[in-house]
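Listing of my_file-v5.txt, compact mmCIF, C-alpha atoms
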# COMPACT_ATOMS: atom_id res chain seq x y z
CA MET X 1 -104.11 9.12 90.52
CA SER X 2 -102.64 9.27 94.03
CA ALA X 3 -100.41 12.15 92.93
CA THR X 4 -103.45 14.23 91.99
CA ARG X 5 -105.15 13.78 95.39
CA GLU X 6 -102.67 16.07 97.13
CA VAL X 7 -102.71 18.76 94.46
CA SER X 8 -104.23 22.21 94.74
CA PHE X 9 -104.60 24.52 91.76
CA SER X 10 -104.91 28.26 92.04
CA ALA X 11 -105.49 30.82 89.32
CA THR X 12 -106.08 34.56 89.48
CA GLY X 13 -107.51 36.57 86.63
CA SER X 14 -110.63 37.62 84.82
CA LEU X 15 -112.76 36.11 82.11
CA THR X 16 -113.35 37.82 78.77
CA ARG X 17 -116.81 37.92 77.23
CA ASP X 18 -115.71 35.59 74.43
CA GLU X 19 -114.47 33.06 76.98
CA TYR X 20 -117.74 33.28 78.90
CA ASP X 21 -119.72 32.73 75.68
CA GLU X 22 -117.58 29.66 74.94
CA ALA X 23 -118.13 28.35 78.48
CA ALA X 24 -121.91 28.80 78.21
CA ARG X 25 -121.91 26.93 74.89
CA ALA X 26 -119.73 24.13 76.29
CA ALA X 27 -121.94 23.83 79.36
CA GLY X 28 -125.07 23.62 77.21
CA LEU X 29 -126.92 26.03 79.46
CA LEU X 30 -129.35 27.09 76.73
CA ARG X 31 -129.74 23.79 74.87
CA ARG X 32 -132.98 22.67 76.55
CA GLY X 33 -134.55 26.13 76.31
CA ARG X 34 -133.83 26.35 72.59
CA ALA X 35 -135.47 22.99 71.96
CA VAL X 36 -138.60 24.10 73.82
CA ALA X 37 -138.61 27.42 71.94
CA ALA X 38 -138.29 25.66 68.58
CA LEU X 39 -141.15 23.36 69.46
CA GLY X 40 -143.28 26.34 70.52
CA THR X 41 -142.50 28.09 67.23
CA VAL X 42 -143.60 25.01 65.27
CA PHE X 43 -146.85 24.77 67.24
CA LEU X 44 -147.59 28.48 66.72
CA ALA X 45 -146.96 28.13 62.99
CA ALA X 46 -149.12 25.00 62.83
CA ALA X 47 -151.96 26.87 64.55
CA GLY X 48 -152.02 29.28 61.62
CA VAL X 49 -152.57 26.51 59.09
CA THR X 50 -156.09 25.11 58.64
CA PRO X 51 -157.41 22.53 56.20
CA SER X 52 -159.90 23.76 53.61
CA PRO X 53 -161.67 22.13 50.64
CA THR X 54 -159.03 23.55 48.27
CA GLY X 55 -156.01 22.48 50.38
CA LEU X 56 -154.35 24.20 53.31
CA THR X 57 -155.13 27.78 54.23
CA VAL X 58 -152.35 29.77 55.85
CA ASP X 59 -153.23 32.65 58.16
CA PRO X 60 -150.50 35.25 57.55
CA VAL X 61 -151.03 36.93 60.96
CA SER X 62 -150.51 33.69 62.88
CA LEU X 63 -147.52 32.81 60.72
CA GLY X 64 -146.04 36.28 61.31
CA ILE X 65 -146.49 35.89 65.07
CA ALA X 66 -144.78 32.48 64.94
CA VAL X 67 -141.83 33.92 62.99
CA ALA X 68 -141.50 36.87 65.37
CA TYR X 69 -141.71 34.55 68.39
CA GLY X 70 -139.09 32.25 66.89
CA LEU X 71 -136.68 35.09 66.15
CA VAL X 72 -136.99 36.59 69.61
CA VAL X 73 -136.88 33.35 71.58
CA LEU X 74 -134.25 31.56 69.50
CA LEU X 75 -131.91 34.45 68.68
CA VAL X 76 -132.40 37.41 71.02
CA LEU X 77 -133.19 35.80 74.40
CA PRO X 78 -130.21 33.38 74.47
CA ARG X 79 -127.77 36.23 73.82
CA TRP X 80 -129.49 38.34 76.45
CA ALA X 81 -129.34 35.47 78.97
CA VAL X 82 -125.60 34.93 78.40
CA ALA X 83 -124.92 38.67 78.69
CA ARG X 84 -126.97 38.81 81.89
CA GLY X 85 -125.07 35.84 83.31
CA PHE X 86 -121.75 37.52 82.50
CA ARG X 87 -122.82 40.75 84.21
CA ALA X 88 -124.43 39.00 87.19
CA GLY X 89 -121.29 36.97 87.81
CA ARG X 90 -119.26 40.12 87.29
CA GLY X 91 -117.24 38.17 84.75
CA SER X 92 -114.81 40.94 83.93
CA GLU X 93 -113.74 41.34 87.59
CA GLU X 94 -110.56 39.68 88.72
CA LYS X 95 -111.17 36.56 90.79
CA ARG X 96 -109.05 33.89 92.42
CA VAL X 97 -110.12 30.29 91.97
CA VAL X 98 -108.76 27.40 94.04
CA VAL X 99 -109.42 23.81 92.94
CA ASP X 100 -108.45 21.19 95.52
CA ALA X 101 -109.57 17.87 96.97
CA ALA X 102 -112.53 19.53 98.74
CA GLY X 103 -113.95 21.26 95.67
CA ILE X 104 -113.80 24.59 93.88
CA GLU X 105 -113.71 27.90 95.71
CA VAL X 106 -114.09 31.26 93.98
CA PHE X 107 -112.84 34.37 95.78
CA ARG X 108 -114.09 37.77 94.63
CA GLY X 109 -112.90 40.54 96.87
CA ALA X 110 -113.95 39.75 100.45
CA GLU X 111 -116.61 37.20 99.49
CA SER X 112 -116.13 33.59 98.47
CA GLN X 113 -118.24 30.68 97.27
CA ARG X 114 -117.33 27.00 97.55
CA ILE X 115 -118.75 24.22 95.42
CA VAL X 116 -117.91 20.78 96.81
CA TRP X 117 -117.26 17.95 94.36
CA ASP X 118 -120.63 16.32 95.11
CA GLU X 119 -122.31 19.47 93.77
CA VAL X 120 -120.19 19.55 90.60
CA ARG X 121 -122.27 17.81 87.98
CA TRP X 122 -120.16 18.21 84.90
CA TYR X 123 -116.66 19.07 83.69
CA HIS X 124 -115.67 19.86 80.12
CA GLU X 125 -112.40 21.00 78.61
CA THR X 126 -112.32 23.22 75.55
CA PRO X 127 -109.20 24.37 73.70
CA ARG X 128 -109.16 27.58 75.80
CA LEU X 129 -111.06 26.72 79.01
CA HIS X 130 -111.76 24.34 81.86
CA VAL X 131 -115.54 24.50 82.47
CA PHE X 132 -117.24 23.25 85.65
CA VAL X 133 -121.03 23.18 86.05
CA GLY X 134 -122.61 22.52 89.42
CA ARG X 135 -125.47 23.36 91.74
CA SER X 136 -125.08 25.27 94.96
CA ARG X 137 -128.09 26.22 97.07
CA ARG X 138 -130.55 25.48 94.25
CA ARG X 139 -128.64 27.66 91.77
CA THR X 140 -126.71 26.52 88.73
CA CYS X 141 -123.09 27.55 88.99
CA LEU X 142 -120.73 27.93 86.05
CA VAL X 143 -117.01 28.18 86.76
CA ALA X 144 -114.76 28.72 83.76
CA LEU X 145 -110.99 28.76 84.13
CA PRO X 146 -109.04 30.09 81.15
CA LYS X 147 -106.00 27.97 80.37
CA ARG X 148 -103.98 31.14 79.79
CA LEU X 149 -103.94 31.70 83.57
CA PHE X 150 -101.87 28.55 84.16
CA THR X 151 -98.24 29.45 83.57
CA ALA X 152 -96.41 26.37 84.90
CA PRO X 153 -95.76 23.74 82.24
CA GLY X 154 -98.23 20.86 82.42
CA GLU X 155 -100.36 22.51 85.13
CA SER X 156 -103.39 22.83 82.86
CA ASP X 157 -103.12 19.17 81.81
CA LEU X 158 -102.82 18.08 85.44
CA LEU X 159 -105.93 20.12 86.32
CA ALA X 160 -107.80 18.45 83.44
CA ALA X 161 -106.86 14.97 84.71
CA PHE X 162 -107.77 15.92 88.29
CA ALA X 163 -111.12 17.44 87.30
CA GLN X 164 -112.00 14.50 85.07
CA ALA X 165 -111.27 12.10 87.93
CA ARG X 166 -113.31 14.16 90.43
CA ALA X 167 -116.24 15.40 88.35
CA GLY X 168 -116.13 13.73 84.96
CA ASP X 169 -119.25 13.98 82.85
CA ARG X 170 -122.15 13.27 85.22
CA SER X 171 -124.85 14.66 82.96

For the file at hand, write its structure as structure tokens.
Amino acid sequence: MSATREVSFSATGSLTRDEYDEAARAAGLLRRGRAVAALGTVFLAAAGVTPSPTGLTVDPVSLGIAVAYGLVVLLVLPRWAVARGFRAGRGSEEKRVVVDAAGIEVFRGAESQRIVWDEVRWYHETPRLHVFVGRSRRRTCLVALPKRLFTAPGESDLLAAFAQARAGDRS
């Protein structure tokens, strides 16, 4: 552990859309919204069903609205939100990321953003990525580092141990 306190990791590169999609899934950014959308779809469908003397009567218009709502909110909006996040973060641009004892700093051109370890809420490692989720100035921040950017042997494993010790899973 003491060896990882003095370490600084630096990576320069860009994120592909597939990697960003994987990071968003790993971070669970849309999990809560999908649960609320599914519940809303069930309530809309239930509103179209009324009891009658012969059983249950289904209103096809209300059921159609519930199906359309479910398709849009469960399938279309999550993909749109991930695509918007990729474009807003200018995911395809080359960035330099430095992970050290103070936190994570992302450099994009002349601007930079630092997330201190107290703001990092969650770390997860996937087969292709290191994913950090935090909050900075009331905004959720997602930092994904592709493992392909680490060329030194064992550097990616050392970053995983360092990140797990610093951030862990604080969810």

#### Entry: Non-local contacts of Arg128 (chain X) (10 Å; all atoms listed in the file; under 3 positions in same chain excluded) as a list of chain:residue names
X:Glu19, X:Glu22, X:Ala23, X:Glu125, X:Val131, X:Ala144, X:Leu145, X:Pro146, X:Lys147, X:Arg148

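Atom pair CA of Val72 (chain X) / CA of Arg32 (chain X): separated by 16.1 Å.
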
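Between Leu15 (chain X) and the residues X:Glu94, X:Ala160, X:Gly28, X:Arg139, the shortest atom-to-atom distance, using only C-alpha atoms, involves X:Glu94.
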
### Query
If you count only C-alpha atoms, which residues fall within 12 Å of Tyr20 (chain X), apart from same-chain ones fewer than 2 positions away, as a ChimeraX atom specification?
/X:14-18,22-27,29,79,81-87,89-92,126,128-131,142-146

### Message
Which residue is closest to Arg108 (chain X)? Choose from X:Pro51, X:Gly13, X:Gly64, X:Phe132 and count all atoms listed in the file.
### Response
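Distance minimum relative to Arg108 (chain X) lands on X:Gly13.
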
### Task
For CA of Thr140 (chain X) and CA of Arg31 (chain X), quote the distance in Å rounded to one decimal.
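The value is 14.4 Å.
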
### Task
Quick one: pull the distance between CA of Gly40 (chain X) and CA of Val76 (chain X), Å, one decimal.
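These two atoms are separated by 15.5 Å.
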
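Using all atoms listed in the file, the shortest contact distance between Ala101 (chain X) and any of X:Val116, X:Val36, X:Gly154, X:Arg135 is found at X:Val116.
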
### Message
Applying 12 Å and all atoms listed in the file, which residues near region 56-60 of chain X remain after dropping the ones on its own chain fewer than 5 positions away? List them as a ChimeraX atom specification.
### Response
/X:44-51,65-67

### Query
Which residue out of X:Val99, X:Ala37, X:Val61, X:Ile104 has the minimum interatomic distance to Val73 (chain X) when all atoms listed in the file are used?
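Ranked by minimum distance to Val73 (chain X), first place goes to X:Ala37.
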
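Nearest to Val7 (chain X) of all the residues X:Ala167, X:Leu75, X:Ala152, X:Ala102 is X:Ala102, counting all atoms listed in the file.
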